[in-house]
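A quick write-up on the structure given underneath.
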Amino acid sequence: MNKRRQFSRLASMLALLLVAASGVRSDETYDVVVVGGSSGGIGAALGAARMGVKVALVEDTPVLGGMLANGISNIDCYSYESLSGVFEEFRRAVQKHYAPQMDADPFFKPWKKAPNHMDGRSFQANEPRLGGRWEPRVADAIWKAMAARHANLKIYYRRFATEALKNGNRVVGVVTQTDAGERLVLRAPVIVDATHEADIAAWAGVPYRVGREARSPLEPHAGQVFFFNNTGEFLPGSNGRQDRAVPSYGLRLCIKNYAPGDGDSHLLKTPPPGYDPAKFKHAAFGGHPSMPNKKSEMNVNPVGNELQQINWVWPEGTRAERKRLYETYKNNALAYLYYLQHEKKLTHLGLPKDEFADNGNVPYLVFVREARRIEGEATMTEADINPFVTGRGLEPQLQPASVGIGHYPIDAKPVRPKTDVAKPDKGDGDFFLVNVAVAFQVPYGAIVPKRVDGLLVPVGLSATHVAFSAVRMDPTWNVLGQTAGIAAALSAKRGIAPRALPVDDLQRELVKQKVKLAFFWDVDVDRADFEAIQLLAVRGAARADAERRFRPDDSLTRAEAVVMLYHAFNLWPSVSNAHFTDVPWTHPAFREIETLFDNGVLRALGVEPRWSAAGGYNAGKHSGFTQKHQFGALEPDKPVTTAELHDMIRIIESRTISSPSRVAPQQAATKPSAAGESKPLTRGEACRVVWQKIASAKP
């Protein structure tokens, strides 16, 4: 026994010595560990921290926000109405930051909205006056200020993950390291992989895809495609073949417009290695200010600061390989700036001295548009973004498990260099589908990986290449990160795997943090009925009109009330006849109205059963098979009162559809209307009434 103890002690000492020799510090334990300070990563860290759990965030650079603080300096979104959660807080903080200079600076003059979508409303929503444009250093400062409000959130800068730790099929931690070799193990019941490359997921054994899928009925734009954006047409050579091609990457330089009296210290004196002015012959960039304080975002493709094809190895590349590619991309971007300064004589353009001061005034990150995409419990396809694929007009199919929305056209970038200038397209793989992409929902299963527990992946999520080309925008990544953080915190608190978390529980927490689950042009996060409308919308109970408006302040009609209750309480359909002269079978609420009639619910609206008027059984009258229809009017467009809605809910609660009613219709409780209950109810008020009833009934 003593020998066993001695052996155990020696083994423990040896393990400690090995740990010390390798530079590993003692493990640190958290409730949630987030890897990657991308837009999705800071969203996840904030979402989890606001749930009161202990959170760690690991970020390889000294800045927060990913590309939002590394060169992408405008909102990649086609409506302000789709923004929510922490990104909407960020937008308002940007607006507040620049407010003191807005009236004096012409850059902030009000825009005239210019919709460039056939719906007449959607447009690139990045007006400077509304917080739509910012400088990289300002974005970094805002995200850091938001993070600093949470004492339970610890951020490790200039640290990166090197390994995923597993216990069986569950990820339980990550090994991290600094460039100086200082290693640290971070453990947690749930890890959020917010890297653009889905590194943690891949190391943990999650299946994933890289490249383009083949064209299919749900993916008409998949595979190899040549497309002319101006007219929206396929060009010869489009064959839809699958391949492992990856869209182009680039270093998004921040460019300053210098005044004539500023001297020439901003000019690059020598070109970077490999400089060839012929490479930029077909590039166009004027450097006109696109962000405050006379700065501009260099975003030029297919020729310019971006490069295609050399990045195909990036998704599965090592850290060393990616660092070498970073240098290539940096040199290419600087070469283009040198070309603009010395060949095009745009000598007023240069790198700003107040951006990325410790990194040669260039961003720390290459923009990794798309890398690995995990295989999740749900996979988004083009049909989830382009509603015309399934013939749904301007509204995609409802996602009951929605945990966030996005709104951007399907924006795929070229995968190979543009060499054939005889055709007007931007090259293999490039297309921008403005008119057939609409605000969409993302299901929870898209961030829950297959096979592996204890992990959520909100950035390299489960989507085809085409769908990912719309989802991959920072406002969407940010809110999906917030979702992942909230889901991780809930899972950690309950001691369950994220895939076992009930989606409706998650959705309730999301709306508390002002995350939108469904898109309406007219439902803002600041409304008192916001939560109820959103939670009923994912049940199909709160529905938009043909123009995707909810009209929350309009009176609720009888037909709308019936549809709301049918879906809110998940009733079984039951259509036995066509009972009303003004509700033919072609009426959009016919099924729901007849179902509630069959179950006696319409008694609350004064519709009594017809069978009682027939009296007792009469063989001469009742032994046959004749069935009448259309016994009278329902007045489906008549407004519903508060009392009527409450009475319908009480009758529904007193019955079940799968067995005889517990309370006969003629005995159902009909509480007298209280004062004020006889007035018409608005659609928003009705949502609050219905949701309060559902919420109070949930154990």
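Residues in the structure tokens are numbered from 1 in each chain, the chains being A, B, ... in the order shown, and ligands are numbered from 1 in the order shown.
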
Residues within 12 Å of Lys693 (chain A), only C-alpha atoms, excluding chain neighbours under 2 positions, as a compact mmCIF listing (two decimals) with C-alpha atoms, in the first residue's frame:
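To be explicit, this is the file written out as out-v4.txt:
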# COMPACT_ATOMS: atom_id res chain seq x y z
CA ALA A 532 -44.22 39.01 -26.88
CA LEU A 536 -45.13 34.54 -30.83
CA LEU A 565 -54.44 31.59 -30.88
CA ALA A 568 -49.76 30.19 -30.07
CA PHE A 569 -51.40 27.22 -28.38
CA LEU A 645 -59.69 37.45 -26.46
CA HIS A 646 -59.59 36.47 -22.78
CA MET A 648 -61.33 32.53 -26.21
CA ILE A 649 -58.17 31.75 -24.24
CA ARG A 650 -60.20 30.46 -21.28
CA ILE A 652 -59.00 26.81 -25.15
CA GLU A 653 -57.53 26.15 -21.72
CA ALA A 686 -52.96 41.05 -28.02
CA CYS A 687 -49.47 39.57 -28.25
CA ARG A 688 -48.74 40.64 -24.70
CA VAL A 689 -52.00 39.12 -23.42
CA VAL A 690 -51.42 35.81 -25.21
CA TRP A 691 -47.76 35.52 -24.33
CA ALA A 695 -45.46 32.18 -20.07
CA SER A 696 -47.41 31.83 -16.83
CA ALA A 697 -48.43 28.30 -17.76
CA LYS A 698 -44.87 27.07 -18.37

> Among region 130-290 of chain A, which residues carry a DSSP assignment of strand (DSSP E), reported as a PyMOL selection string?
Replying inline: chain A and resi 153-156+160-167+170-177+183-187+190-193+208-209+227-228+233-234+249-250+254-257

>> Residues near Val313 (chain A), anyone? I mean within 10 Å using only C-alpha atoms, not counting same-chain ones fewer than 4 positions away, as an NGL selection string.
In response: :A and (244-246 or 309 or 317-318 or 321-322 or 325 or 371)

>> One decimal, in Å: what's the spacing between CA of His97 (chain A) and CA of Asn293 (chain A)?
In response: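 A separation of 12.7 Å between them.
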
Give me the region 481-535 of chain A side of the contact with region 37-41 of chain A, cut-off 9 Å, one line per residue showing its nearest atom pair and distance in Å at one decimal, counting only C-alpha atoms, sorted by chain and residue number, as CSV.
residue,atom,partner,partner_atom,distance
A:Gly481,CA,A:Gly40,CA,4.1
A:Gln482,CA,A:Gly40,CA,7.1
A:Ala484,CA,A:Gly40,CA,8.7
A:Gly485,CA,A:Gly41,CA,8.6

What does the file look like for those residues with N, CA and C atoms, as a PDB file, in the first residue's frame?
ATOM      1  N   GLY A 481     -23.192  35.265 -32.129  1.00  0.00           N
ATOM      2  CA  GLY A 481     -22.277  35.085 -31.012  1.00  0.00           C
ATOM      3  C   GLY A 481     -22.968  35.330 -29.690  1.00  0.00           C
ATOM      4  N   GLN A 482     -23.769  36.389 -29.625  1.00  0.00           N
ATOM      5  CA  GLN A 482     -24.527  36.669 -28.402  1.00  0.00           C
ATOM      6  C   GLN A 482     -25.440  35.495 -28.068  1.00  0.00           C
ATOM      7  N   ALA A 484     -24.908  32.358 -28.900  1.00  0.00           N
ATOM      8  CA  ALA A 484     -24.064  31.259 -28.432  1.00  0.00           C
ATOM      9  C   ALA A 484     -23.650  31.480 -26.977  1.00  0.00           C
ATOM     10  N   GLY A 485     -23.338  32.734 -26.624  1.00  0.00           N
ATOM     11  CA  GLY A 485     -22.956  33.023 -25.247  1.00  0.00           C
ATOM     12  C   GLY A 485     -24.083  32.759 -24.270  1.00  0.00           C
TER      13      GLY A 485
END

> Can you tell me, as a ChimeraX atom specification, what residues are no more than 8 Å from region 456-468 of chain A when counting only C-alpha atoms, ignoring any on the same chain fewer than 2 positions away?
Replying inline: /A:40,190-198,201,211-213,219,221-222,370-376,378-382,384-385,410,412,446-449,454,470-472,477,480-481,484,488,498

> For Val421 (chain A), which residue among A:Val303, A:Ile200, A:Ala104, A:Leu602 is the nearest when counting only C-alpha atoms?
Replying inline: A:Val303

>> Need the shell around Asp428 (chain A): protein/DNA/RNA residues with any atom at most 8 Å away, counting only C-alpha atoms. Skip same-chain ones fewer than 6 positions apart. Format as a count of residues only?
In response: 8

>> Let's see if you can do this: from backbone DSSP, list all helix (DSSP H, G or I) residues in region 283-502 of chain A, as JSON, numbers by chain.
In response: {"A": [310, 311, 312, 313, 319, 320, 321, 322, 323, 324, 325, 326, 327, 328, 329, 330, 331, 332, 333, 334, 335, 336, 337, 338, 339, 340, 341, 342, 357, 358, 359, 382, 383, 384, 387, 388, 389, 444, 445, 446, 447, 465, 466, 467, 468, 469, 470, 471, 474, 475, 476, 477, 478, 479, 480, 481, 482, 483, 484, 485, 486, 487, 488, 489, 490, 491, 492, 493, 494, 498, 499, 500]}

> For Tyr156 (chain A), which residue among A:Val35, A:Ile75, A:Val171, A:Leu433 is the nearest when counting only C-alpha atoms?
Replying inline: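 The closest residue to Tyr156 (chain A) is A:Val35.
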
> What is the CA of Leu64 (chain A)-CA of Gly286 (chain A) distance in Å, reported with one decimal?
Replying inline: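 Between CA of Leu64 (chain A) and CA of Gly286 (chain A) the gap works out to 28.8 Å.
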
> Suppose you want the space between CA of Pro302 (chain A) and CA of Asp425 (chain A); what is it in Å?
Replying inline: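 Pair CA of Pro302 (chain A) / CA of Asp425 (chain A) returns 9.8 Å.
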
> Could you name the residues that touch Asp264 (chain A) at 9 Å or less, counting only C-alpha atoms, but leaving out those on the same chain fewer than 4 positions away, as a ChimeraX atom specification?
Replying inline: /A:258,260,268,347-348

Would you mind exporting N, CA and C atoms of the selected residues as a PDB file, in the first residue's frame?
ATOM      1  N   TYR A 258      -5.014  63.068 -46.577  1.00  0.00           N
ATOM      2  CA  TYR A 258      -4.188  64.118 -45.987  1.00  0.00           C
ATOM      3  C   TYR A 258      -4.382  65.436 -46.735  1.00  0.00           C
ATOM      4  N   PRO A 260      -3.089  69.216 -48.161  1.00  0.00           N
ATOM      5  CA  PRO A 260      -1.849  69.645 -48.829  1.00  0.00           C
ATOM      6  C   PRO A 260      -0.771  70.104 -47.865  1.00  0.00           C
ATOM      7  N   LEU A 268       4.547  56.196 -48.980  1.00  0.00           N
ATOM      8  CA  LEU A 268       5.448  55.052 -48.910  1.00  0.00           C
ATOM      9  C   LEU A 268       6.674  55.360 -49.760  1.00  0.00           C
ATOM     10  N   THR A 347      -1.414  61.430 -54.153  1.00  0.00           N
ATOM     11  CA  THR A 347      -0.443  61.642 -53.068  1.00  0.00           C
ATOM     12  C   THR A 347      -1.081  62.107 -51.769  1.00  0.00           C
ATOM     13  N   HIS A 348      -2.383  62.362 -51.799  1.00  0.00           N
ATOM     14  CA  HIS A 348      -3.070  62.745 -50.561  1.00  0.00           C
ATOM     15  C   HIS A 348      -3.479  61.534 -49.742  1.00  0.00           C
TER      16      HIS A 348
END

>> Considering only C-alpha atoms, can you say which of A:Ala335, A:Leu351, A:Ala497, A:Leu130 comes closest to Phe280 (chain A)?
In response: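 Selected residue with least distance to Phe280 (chain A): A:Ala335.
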
> Looking at A:Thr483, A:Thr641, A:Thr390, A:Ser469, which one is nearest to Val511 (chain A), with distances taken over only C-alpha atoms?
Replying inline: A:Thr483

> Of the candidates A:Gly350, A:Asn570, A:Leu334, A:Arg215, which shows the shortest atom-to-atom distance to Ala259 (chain A), using only C-alpha atoms?
Replying inline: A:Gly350

> Nearest to Ala542 (chain A) among A:Glu608, A:Ser238, A:Asp179, A:Leu398, with distances taken over only C-alpha atoms: which residue is it?
Replying inline: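 Of the candidates, the smallest distance to Ala542 (chain A) is held by A:Leu398.
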